[in-house]
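To start, the structure itself, in structure tokens.
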Amino acid sequence: MSGRVERLLHWCSDNKIYINPIIQIYDSDSDGISVKSVSKEEIPPDVLLVKIPKSCVLSVRNCSLAKEIKALDLEPHGNDASMGLALALSVEFFVQKNKSQWWPYLQSMPAYVDLPTLFWNQSEPAFQYLRQARLCRNEKETKLSNSVDDFYHEKLRPFFVMNCSSVPAPTSIQFREMYSLVSSRAFIVDAYHGLCMVPIADAFNHSHPNHVQLESDYIVCPECGRLSDCPHDTVSSQENSETEDDDLEMTTGLTVDPFEEVFNTYGTGLKNADLLLLYGFVLEANDNDVVTIDPEEVWESFTNSNPLQKRFGSMDEVSHASRNLVMYICAHIEGAQKGSPLLSWWLWLFV
């Protein structure tokens, strides 16, 4: 067991985070931290693997300078939520350091996640290839680094001058690193905390179908975070009034084979393009992968001397011929249906 995992597990024990002994946290130089079964038997569905008190999550609501961040009046959703949490993370990393109540957890994280829109040179051929391959699907994605830098200069640096004058503000690159951790590891927990860093839950890698997913009571008081009755309620309710057990849970939904890695999901239908842009990795085998080809771009790439342009007078004629080709293949080739790999194979063969 690595030192950072050992410190993390001691911290989890001190903070009453339950980790089922049939799983174990592993640390690898190449793959980072992951979660695997150590059971000789299958782990069936409906087995509780992890229970995390909400007091252990890190959010803009409970970080060391929560009141000061609240004064920035950031929106609790969208880009503001991510920027705010990255600011809270910066406070814990660069101001509180080893005095932070989350320090052993923070030390278990990677230094940063290599997201193309934050760390790749957008003038380099590699990034241009991603743009042309439509991995960067809109202008907002390609200009994320600008948004992060704008927040850094307009919000973070003045914030540090006002509230943390004894500590140098992180550099713009360091803030990008904080943002990359938020972008790739954070969860939406409830109506109070919003976007959070969640210990142990972020140790599970992504796959689909997945064995577990994070479960939480989202509907809590948005003012104080209570699950049961509180002074902010307009109507009193007896539900949950006796006992409040407001934890995050990770329970198996599928069977886990003996000694198999246990996977969470970061979302359904994620292509490798999405995984690369949002989380900084790709899967070797991804059933959701597609190659997107814009017919207009194909048409524009042909010159007047090209046989295809001589044969078809317009793009509409190309589209009509393509539809007929798909219908023909589906009707005459056994097993070829729309969206099937076999149909794709035959289409490429005809092309």
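In the structure tokens, each chain is lettered A, B, ... as it comes, each chain's residues begin at 1, and ligands are numbered from 1 in order of appearance.
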
Name the residues in contact with Pro21 (chain A) at a cut-off of 10 Å, using only C-alpha atoms, excluding same-chain residues fewer than 5 positions from it; report them as a PyMOL selection string. chain A and resi 37-39+49-50

Residues near region 152-157 of chain A, anyone? I mean within 12 Å using only C-alpha atoms, not counting same-chain ones fewer than 2 positions away, as a short mmCIF file (atom, residue, chain, number, x, y, z; two decimals) with all heavy atoms, in the first residue's frame.
data_model
loop_
_atom_site.label_atom_id
_atom_site.label_comp_id
_atom_site.auth_asym_id
_atom_site.auth_seq_id
_atom_site.Cartn_x
_atom_site.Cartn_y
_atom_site.Cartn_z
N GLU A 68 -16.24 34.02 2.53
CA GLU A 68 -15.60 34.95 1.60
C GLU A 68 -15.91 34.59 0.15
O GLU A 68 -16.12 35.48 -0.69
CB GLU A 68 -14.08 34.94 1.83
CG GLU A 68 -13.65 35.57 3.14
CD GLU A 68 -13.82 34.65 4.34
OE1 GLU A 68 -14.29 33.50 4.16
OE2 GLU A 68 -13.50 35.06 5.46
N ILE A 69 -15.97 33.28 -0.16
CA ILE A 69 -16.32 32.87 -1.53
C ILE A 69 -17.79 33.18 -1.81
O ILE A 69 -18.14 33.60 -2.92
CB ILE A 69 -16.03 31.37 -1.72
CG1 ILE A 69 -14.51 31.13 -1.69
CG2 ILE A 69 -16.62 30.85 -3.04
CD1 ILE A 69 -14.11 29.67 -1.84
N ALA A 71 -19.38 35.67 -0.85
CA ALA A 71 -19.47 37.10 -1.15
C ALA A 71 -19.19 37.41 -2.62
O ALA A 71 -19.55 38.49 -3.10
CB ALA A 71 -18.50 37.88 -0.26
N LEU A 72 -18.58 36.48 -3.34
CA LEU A 72 -18.33 36.68 -4.78
C LEU A 72 -19.61 36.56 -5.59
O LEU A 72 -19.64 36.93 -6.77
CB LEU A 72 -17.30 35.67 -5.28
CG LEU A 72 -15.89 35.79 -4.72
CD1 LEU A 72 -15.01 34.65 -5.27
CD2 LEU A 72 -15.27 37.14 -5.05
N ASP A 73 -20.66 36.00 -4.96
CA ASP A 73 -21.97 35.89 -5.60
C ASP A 73 -21.90 35.11 -6.91
O ASP A 73 -22.44 35.53 -7.94
CB ASP A 73 -22.57 37.28 -5.84
CG ASP A 73 -24.08 37.25 -6.06
OD1 ASP A 73 -24.71 36.29 -5.57
OD2 ASP A 73 -24.61 38.13 -6.75
N LEU A 74 -21.23 33.95 -6.87
CA LEU A 74 -21.14 33.09 -8.04
C LEU A 74 -22.42 32.29 -8.21
O LEU A 74 -23.07 31.94 -7.22
CB LEU A 74 -19.95 32.15 -7.92
CG LEU A 74 -18.57 32.79 -7.75
CD1 LEU A 74 -17.52 31.72 -7.47
CD2 LEU A 74 -18.21 33.58 -9.00
N ASP A 80 -19.74 28.87 -13.39
CA ASP A 80 -19.45 29.51 -12.10
C ASP A 80 -19.23 28.48 -11.00
O ASP A 80 -18.38 28.66 -10.12
CB ASP A 80 -20.60 30.44 -11.71
CG ASP A 80 -20.33 31.89 -12.10
OD1 ASP A 80 -19.37 32.11 -12.88
OD2 ASP A 80 -21.06 32.78 -11.65
N MET A 83 -15.74 27.04 -11.42
CA MET A 83 -14.73 28.02 -11.05
C MET A 83 -14.68 28.22 -9.54
O MET A 83 -13.61 28.31 -8.93
CB MET A 83 -15.02 29.36 -11.74
CG MET A 83 -14.97 29.33 -13.25
SD MET A 83 -13.32 29.05 -13.90
CE MET A 83 -13.67 29.19 -15.68
N GLY A 84 -15.87 28.29 -8.92
CA GLY A 84 -15.92 28.47 -7.48
C GLY A 84 -15.29 27.32 -6.73
O GLY A 84 -14.56 27.53 -5.75
N LEU A 85 -15.57 26.10 -7.17
CA LEU A 85 -14.98 24.94 -6.50
C LEU A 85 -13.48 24.89 -6.72
O LEU A 85 -12.72 24.51 -5.82
CB LEU A 85 -15.65 23.65 -6.99
CG LEU A 85 -15.21 22.36 -6.29
CD1 LEU A 85 -15.37 22.45 -4.77
CD2 LEU A 85 -15.99 21.17 -6.84
N ALA A 86 -13.02 25.29 -7.90
CA ALA A 86 -11.57 25.36 -8.16
C ALA A 86 -10.92 26.40 -7.25
O ALA A 86 -9.79 26.20 -6.78
CB ALA A 86 -11.31 25.69 -9.62
N LEU A 87 -11.63 27.49 -6.97
CA LEU A 87 -11.12 28.49 -6.02
C LEU A 87 -11.05 27.91 -4.61
O LEU A 87 -10.06 28.09 -3.90
CB LEU A 87 -12.02 29.73 -6.05
CG LEU A 87 -11.75 30.81 -5.01
CD1 LEU A 87 -10.30 31.30 -5.07
CD2 LEU A 87 -12.71 31.98 -5.19
N ALA A 88 -12.11 27.20 -4.20
CA ALA A 88 -12.12 26.57 -2.88
C ALA A 88 -10.97 25.57 -2.76
O ALA A 88 -10.30 25.50 -1.71
CB ALA A 88 -13.46 25.87 -2.64
N LEU A 89 -10.73 24.81 -3.81
CA LEU A 89 -9.64 23.84 -3.81
C LEU A 89 -8.29 24.56 -3.71
O LEU A 89 -7.38 24.10 -3.01
CB LEU A 89 -9.72 23.01 -5.10
CG LEU A 89 -9.05 21.64 -5.13
CD1 LEU A 89 -9.56 20.74 -4.02
CD2 LEU A 89 -9.28 20.99 -6.49
N SER A 90 -8.18 25.68 -4.39
CA SER A 90 -6.94 26.48 -4.32
C SER A 90 -6.67 26.97 -2.90
O SER A 90 -5.52 26.98 -2.43
CB SER A 90 -7.03 27.67 -5.27
OG SER A 90 -7.20 27.26 -6.61
N VAL A 91 -7.74 27.38 -2.21
CA VAL A 91 -7.60 27.84 -0.82
C VAL A 91 -7.05 26.72 0.06
O VAL A 91 -6.13 26.94 0.87
CB VAL A 91 -8.95 28.35 -0.28
CG1 VAL A 91 -8.89 28.54 1.24
CG2 VAL A 91 -9.36 29.64 -0.97
N SER A 145 -9.84 27.52 -21.76
CA SER A 145 -8.64 28.07 -21.13
C SER A 145 -8.75 29.57 -20.96
O SER A 145 -8.29 30.13 -19.95
CB SER A 145 -7.39 27.71 -21.93
OG SER A 145 -7.46 28.24 -23.24
N ASN A 146 -9.39 30.26 -21.91
CA ASN A 146 -9.58 31.70 -21.79
C ASN A 146 -10.51 32.04 -20.62
O ASN A 146 -10.27 32.99 -19.87
CB ASN A 146 -10.17 32.28 -23.08
CG ASN A 146 -9.20 32.19 -24.24
OD1 ASN A 146 -8.00 32.01 -24.05
ND2 ASN A 146 -9.71 32.29 -25.46
N SER A 147 -11.58 31.23 -20.47
CA SER A 147 -12.52 31.46 -19.37
C SER A 147 -11.85 31.26 -18.02
O SER A 147 -12.07 32.03 -17.08
CB SER A 147 -13.72 30.51 -19.50
OG SER A 147 -14.43 30.73 -20.69
N VAL A 148 -11.03 30.21 -17.93
CA VAL A 148 -10.32 29.93 -16.68
C VAL A 148 -9.34 31.07 -16.37
O VAL A 148 -9.25 31.54 -15.23
CB VAL A 148 -9.58 28.58 -16.76
CG1 VAL A 148 -8.71 28.36 -15.52
CG2 VAL A 148 -10.59 27.44 -16.89
N ASP A 149 -8.63 31.53 -17.39
CA ASP A 149 -7.68 32.63 -17.18
C ASP A 149 -8.39 33.93 -16.80
O ASP A 149 -7.90 34.70 -15.97
CB ASP A 149 -6.83 32.84 -18.43
CG ASP A 149 -5.81 31.73 -18.63
OD1 ASP A 149 -5.57 30.95 -17.69
OD2 ASP A 149 -5.26 31.62 -19.75
N ASP A 150 -9.56 34.18 -17.41
CA ASP A 150 -10.32 35.39 -17.07
C ASP A 150 -10.75 35.35 -15.60
O ASP A 150 -10.65 36.36 -14.89
CB ASP A 150 -11.56 35.51 -17.97
CG ASP A 150 -11.21 35.89 -19.40
OD1 ASP A 150 -10.07 36.33 -19.62
OD2 ASP A 150 -12.07 35.72 -20.28
N PHE A 159 -9.26 38.12 -4.93
CA PHE A 159 -9.72 37.38 -3.75
C PHE A 159 -8.56 37.08 -2.82
O PHE A 159 -8.66 37.26 -1.60
CB PHE A 159 -10.39 36.08 -4.19
CG PHE A 159 -10.90 35.23 -3.06
CD1 PHE A 159 -12.19 35.40 -2.56
CD2 PHE A 159 -10.09 34.26 -2.48
CE1 PHE A 159 -12.65 34.61 -1.51
CE2 PHE A 159 -10.55 33.46 -1.44
CZ PHE A 159 -11.83 33.65 -0.94
N PHE A 160 -7.43 36.63 -3.37
CA PHE A 160 -6.27 36.32 -2.55
C PHE A 160 -5.68 37.59 -1.92
O PHE A 160 -5.25 37.58 -0.77
CB PHE A 160 -5.21 35.58 -3.37
CG PHE A 160 -5.30 34.09 -3.25
CD1 PHE A 160 -6.36 33.39 -3.83
CD2 PHE A 160 -4.34 33.37 -2.55
CE1 PHE A 160 -6.45 32.01 -3.72
CE2 PHE A 160 -4.42 32.00 -2.41
CZ PHE A 160 -5.48 31.31 -3.01
N VAL A 161 -5.66 38.68 -2.67
CA VAL A 161 -5.15 39.93 -2.12
C VAL A 161 -5.99 40.38 -0.92
O VAL A 161 -5.47 40.83 0.10
CB VAL A 161 -5.14 41.02 -3.21
CG1 VAL A 161 -4.85 42.39 -2.60
CG2 VAL A 161 -4.09 40.69 -4.27
N MET A 162 -7.29 40.22 -1.02
CA MET A 162 -8.19 40.69 0.02
C MET A 162 -8.25 39.75 1.23
O MET A 162 -8.31 40.20 2.37
CB MET A 162 -9.61 40.87 -0.55
CG MET A 162 -10.62 41.39 0.46
SD MET A 162 -12.23 41.70 -0.30
CE MET A 162 -11.81 43.04 -1.41
N ASN A 163 -8.20 38.42 0.97
CA ASN A 163 -8.46 37.47 2.04
C ASN A 163 -7.26 36.61 2.44
O ASN A 163 -7.30 35.98 3.49
CB ASN A 163 -9.60 36.53 1.62
CG ASN A 163 -10.88 37.27 1.32
OD1 ASN A 163 -11.53 37.80 2.22
ND2 ASN A 163 -11.25 37.32 0.04
N CYS A 164 -6.23 36.58 1.62
CA CYS A 164 -5.08 35.71 1.90
C CYS A 164 -3.78 36.47 1.62
O CYS A 164 -2.88 35.94 0.95
CB CYS A 164 -5.13 34.44 1.04
SG CYS A 164 -6.76 33.72 0.85
N SER A 165 -3.68 37.69 2.10
CA SER A 165 -2.56 38.56 1.74
C SER A 165 -1.21 38.03 2.20
O SER A 165 -0.17 38.38 1.63
CB SER A 165 -2.78 39.96 2.32
OG SER A 165 -2.94 39.89 3.73
N VAL A 167 -0.23 35.03 1.92
CA VAL A 167 0.14 33.88 1.08
C VAL A 167 0.13 34.30 -0.38
O VAL A 167 -0.84 34.93 -0.83
CB VAL A 167 -0.85 32.71 1.30
CG1 VAL A 167 -0.49 31.52 0.42
CG2 VAL A 167 -0.88 32.30 2.76
N PRO A 168 1.16 33.96 -1.14
CA PRO A 168 1.15 34.30 -2.58
C PRO A 168 0.00 33.57 -3.28
O PRO A 168 -0.29 32.40 -2.98
CB PRO A 168 2.50 33.79 -3.08
CG PRO A 168 3.34 33.61 -1.87
CD PRO A 168 2.42 33.28 -0.74
N ALA A 169 -0.64 34.26 -4.19
CA ALA A 169 -1.69 33.62 -4.97
C ALA A 169 -1.08 32.55 -5.86
O ALA A 169 0.07 32.67 -6.30
CB ALA A 169 -2.41 34.65 -5.83
N PRO A 170 -1.83 31.48 -6.13
CA PRO A 170 -1.30 30.49 -7.07
C PRO A 170 -1.10 31.11 -8.45
O PRO A 170 -1.71 32.13 -8.78
CB PRO A 170 -2.41 29.42 -7.10
CG PRO A 170 -3.64 30.11 -6.64
CD PRO A 170 -3.18 31.15 -5.67
N THR A 171 -0.24 30.53 -9.23
CA THR A 171 -0.04 31.01 -10.60
C THR A 171 -1.23 30.62 -11.46
O THR A 171 -2.06 29.79 -11.07
CB THR A 171 1.24 30.41 -11.20
OG1 THR A 171 1.06 28.98 -11.34
CG2 THR A 171 2.45 30.69 -10.32
N SER A 172 -1.31 31.20 -12.64
CA SER A 172 -2.42 30.86 -13.54
C SER A 172 -2.36 29.39 -13.94
O SER A 172 -3.42 28.74 -14.09
CB SER A 172 -2.39 31.75 -14.78
OG SER A 172 -1.17 31.60 -15.49
N ILE A 173 -1.16 28.85 -14.10
CA ILE A 173 -1.04 27.42 -14.43
C ILE A 173 -1.51 26.57 -13.26
O ILE A 173 -2.21 25.56 -13.45
CB ILE A 173 0.42 27.06 -14.79
CG1 ILE A 173 0.83 27.75 -16.09
CG2 ILE A 173 0.59 25.55 -14.92
CD1 ILE A 173 0.01 27.33 -17.30
N GLN A 174 -1.18 26.95 -12.04
CA GLN A 174 -1.65 26.20 -10.87
C GLN A 174 -3.16 26.23 -10.75
O GLN A 174 -3.78 25.24 -10.37
CB GLN A 174 -1.00 26.76 -9.60
CG GLN A 174 0.47 26.40 -9.47
CD GLN A 174 1.14 27.09 -8.29
OE1 GLN A 174 0.84 28.26 -7.98
NE2 GLN A 174 2.04 26.39 -7.62
N PHE A 175 -3.77 27.37 -11.10
CA PHE A 175 -5.23 27.43 -11.05
C PHE A 175 -5.84 26.55 -12.15
O PHE A 175 -6.88 25.91 -11.93
CB PHE A 175 -5.73 28.87 -11.19
CG PHE A 175 -7.23 28.97 -11.08
CD1 PHE A 175 -7.88 28.62 -9.91
CD2 PHE A 175 -7.98 29.39 -12.17
CE1 PHE A 175 -9.27 28.69 -9.81
CE2 PHE A 175 -9.36 29.48 -12.07
CZ PHE A 175 -10.01 29.12 -10.90
N ARG A 176 -5.21 26.51 -13.30
CA ARG A 176 -5.69 25.57 -14.33
C ARG A 176 -5.63 24.13 -13.82
O ARG A 176 -6.53 23.33 -14.09
CB ARG A 176 -4.83 25.70 -15.60
CG ARG A 176 -5.09 26.94 -16.42
CD ARG A 176 -4.45 26.81 -17.79
NE ARG A 176 -4.53 28.04 -18.56
CZ ARG A 176 -4.30 28.10 -19.86
NH1 ARG A 176 -3.96 27.00 -20.53
NH2 ARG A 176 -4.39 29.24 -20.51
N GLU A 177 -4.58 23.82 -13.08
CA GLU A 177 -4.46 22.47 -12.52
C GLU A 177 -5.59 22.19 -11.54
O GLU A 177 -6.17 21.09 -11.53
CB GLU A 177 -3.10 22.31 -11.85
CG GLU A 177 -1.94 22.32 -12.84
CD GLU A 177 -0.58 22.37 -12.16
OE1 GLU A 177 -0.53 22.61 -10.94
OE2 GLU A 177 0.43 22.19 -12.87
N MET A 178 -5.92 23.17 -10.70
CA MET A 178 -7.05 23.01 -9.78
C MET A 178 -8.34 22.81 -10.55
O MET A 178 -9.17 21.96 -10.20
CB MET A 178 -7.17 24.24 -8.86
CG MET A 178 -6.00 24.47 -7.91
SD MET A 178 -5.77 23.15 -6.70
CE MET A 178 -4.40 22.24 -7.47
N TYR A 179 -8.52 23.60 -11.59
CA TYR A 179 -9.74 23.48 -12.39
C TYR A 179 -9.82 22.10 -13.06
O TYR A 179 -10.90 21.51 -13.15
CB TYR A 179 -9.80 24.58 -13.45
CG TYR A 179 -11.12 24.59 -14.20
CD1 TYR A 179 -12.17 25.39 -13.76
CD2 TYR A 179 -11.32 23.78 -15.31
CE1 TYR A 179 -13.39 25.39 -14.43
CE2 TYR A 179 -12.53 23.77 -15.99
CZ TYR A 179 -13.56 24.57 -15.54
OH TYR A 179 -14.77 24.56 -16.19
#

What's around Asn205 (chain A) at 7 Å? Count only C-alpha atoms, leave out sequence neighbours fewer than 5 positions away in its own chain, and write the answer as a list in words. Ser34, Phe263 and Asn264 of chain A

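Every protein, DNA or RNA residue with an atom at most 12 Å from Thr265 (chain A), where only C-alpha atoms count and chain neighbours fewer than 6 positions away do not, is listed here: Arg185, Phe187, Ala201, Asp202, Ala203, Phe204, Asn205, His206, Ser207, His208, Pro209, Asn210, His211, Val212, Gln213, Leu214, Met250, Gly253, Leu275 and Tyr279 of chain A.
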
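Here CA of Tyr192 (chain A) is placed at a distance of 4.3 Å from CA of Pro222 (chain A).
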
Using only C-alpha atoms, which protein or nucleic acid residues come within 9 Å of Lys271 (chain A)? Drop anything in the same chain fewer than 3 positions from it, and give the result as a list in words. Asp274, Leu275, Leu276, Val282, Leu283, Asn286, Asp287, Asn288, Asp289 and Val290 of chain A

Where in region 9-164 of chain A does DSSP assign helix (DSSP H, G or I), given as a ChimeraX atom specification? /A:9-14,54-56,66-70,78-99,103-107,116-119,125-132,139-142,144-163

When distances are computed from only C-alpha atoms, which of A:Asn121, A:Ser216, A:Asn62, A:Ser180 shows the smallest separation from Met109 (chain A)? A:Ser180

List the neighbours of region 52-57 of chain A out to 10 Å using only C-alpha atoms; skip same-chain residues closer than 6 positions along the sequence, and give me the result as a ChimeraX atom specification. /A:12,15-19,63,101-102,105,187,189-190,193,195-201,214,216,225,245-250

At what distance in Å, to one decimal, does CA of Gln107 (chain A) lie from CA of Val256 (chain A)?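 Going from CA of Val256 (chain A) over to CA of Gln107 (chain A) covers 28.6 Å.
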
Run DSSP on the backbone and give me the residues of region 99-229 of chain A it puts in strand (DSSP E), as a compact mmCIF listing (two decimals) with all heavy atoms, in the first residue's frame.
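Wrote it out as result-v1.txt, contents follow:
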# COMPACT_ATOMS: atom_id res chain seq x y z
N PHE A 187 -18.48 15.91 -8.26
CA PHE A 187 -19.84 15.37 -8.34
C PHE A 187 -20.82 16.45 -7.87
O PHE A 187 -20.51 17.22 -6.97
CB PHE A 187 -20.02 14.16 -7.42
CG PHE A 187 -19.16 12.98 -7.76
CD1 PHE A 187 -17.84 12.90 -7.32
CD2 PHE A 187 -19.66 11.92 -8.50
CE1 PHE A 187 -17.05 11.81 -7.60
CE2 PHE A 187 -18.88 10.82 -8.78
CZ PHE A 187 -17.57 10.75 -8.34
N ILE A 188 -22.02 16.44 -8.44
CA ILE A 188 -23.12 17.25 -7.89
C ILE A 188 -23.76 16.43 -6.78
O ILE A 188 -24.25 15.33 -7.02
CB ILE A 188 -24.14 17.61 -8.98
CG1 ILE A 188 -23.49 18.51 -10.03
CG2 ILE A 188 -25.34 18.31 -8.36
CD1 ILE A 188 -24.40 18.85 -11.20
N LEU A 195 -21.82 21.36 -6.51
CA LEU A 195 -20.67 20.64 -7.05
C LEU A 195 -19.63 20.45 -5.95
O LEU A 195 -19.26 21.41 -5.26
CB LEU A 195 -20.08 21.43 -8.21
CG LEU A 195 -19.09 20.70 -9.12
CD1 LEU A 195 -19.78 19.57 -9.88
CD2 LEU A 195 -18.45 21.68 -10.10
N CYS A 196 -19.14 19.22 -5.78
CA CYS A 196 -18.24 18.89 -4.66
C CYS A 196 -17.12 17.96 -5.09
O CYS A 196 -17.25 17.19 -6.05
CB CYS A 196 -19.01 18.16 -3.55
SG CYS A 196 -20.38 19.07 -2.85
N ASN A 205 -12.83 4.38 -11.16
CA ASN A 205 -12.67 4.74 -12.57
C ASN A 205 -13.96 4.53 -13.34
O ASN A 205 -14.91 3.90 -12.86
CB ASN A 205 -11.53 3.93 -13.20
CG ASN A 205 -10.17 4.37 -12.70
OD1 ASN A 205 -9.93 5.56 -12.52
ND2 ASN A 205 -9.28 3.42 -12.43
N HIS A 206 -13.97 5.03 -14.58
CA HIS A 206 -15.18 5.01 -15.41
C HIS A 206 -15.24 3.79 -16.30
O HIS A 206 -14.24 3.35 -16.89
CB HIS A 206 -15.23 6.25 -16.30
CG HIS A 206 -16.21 6.14 -17.44
ND1 HIS A 206 -17.56 6.37 -17.29
CD2 HIS A 206 -16.03 5.80 -18.74
CE1 HIS A 206 -18.17 6.18 -18.45
NE2 HIS A 206 -17.27 5.85 -19.35
N VAL A 212 -21.18 0.48 -9.88
CA VAL A 212 -21.74 1.34 -8.83
C VAL A 212 -21.96 2.74 -9.37
O VAL A 212 -21.46 3.09 -10.45
CB VAL A 212 -20.79 1.44 -7.60
CG1 VAL A 212 -20.57 0.09 -6.95
CG2 VAL A 212 -19.45 2.07 -7.99
N GLN A 213 -22.71 3.53 -8.62
CA GLN A 213 -22.78 4.96 -8.89
C GLN A 213 -23.11 5.68 -7.58
O GLN A 213 -23.62 5.06 -6.64
CB GLN A 213 -23.81 5.31 -9.95
CG GLN A 213 -25.25 5.01 -9.59
CD GLN A 213 -26.20 5.33 -10.74
OE1 GLN A 213 -25.85 5.20 -11.91
NE2 GLN A 213 -27.40 5.76 -10.40
N LEU A 214 -22.79 6.96 -7.53
CA LEU A 214 -22.97 7.73 -6.31
C LEU A 214 -24.45 8.06 -6.12
O LEU A 214 -25.11 8.52 -7.05
CB LEU A 214 -22.15 9.02 -6.37
CG LEU A 214 -22.05 9.83 -5.09
CD1 LEU A 214 -21.27 9.06 -4.03
CD2 LEU A 214 -21.39 11.17 -5.36
N GLU A 215 -24.95 7.80 -4.92
CA GLU A 215 -26.35 8.08 -4.60
C GLU A 215 -26.42 9.06 -3.44
O GLU A 215 -25.67 8.94 -2.46
CB GLU A 215 -27.07 6.78 -4.23
CG GLU A 215 -27.09 5.76 -5.37
CD GLU A 215 -27.68 4.43 -4.95
OE1 GLU A 215 -27.93 4.26 -3.74
OE2 GLU A 215 -27.89 3.57 -5.81

Counting only C-alpha atoms, the residue of A:Asn98, A:Ser123, A:Leu118, A:His10 that sits nearest Lys143 (chain A):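 Distance minimum relative to Lys143 (chain A) lands on A:Leu118.
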
Quick one: of A:Val220, A:Leu58, A:Leu254, A:Leu227, who's nearest to Pro44 (chain A), counting only C-alpha atoms? A:Leu254
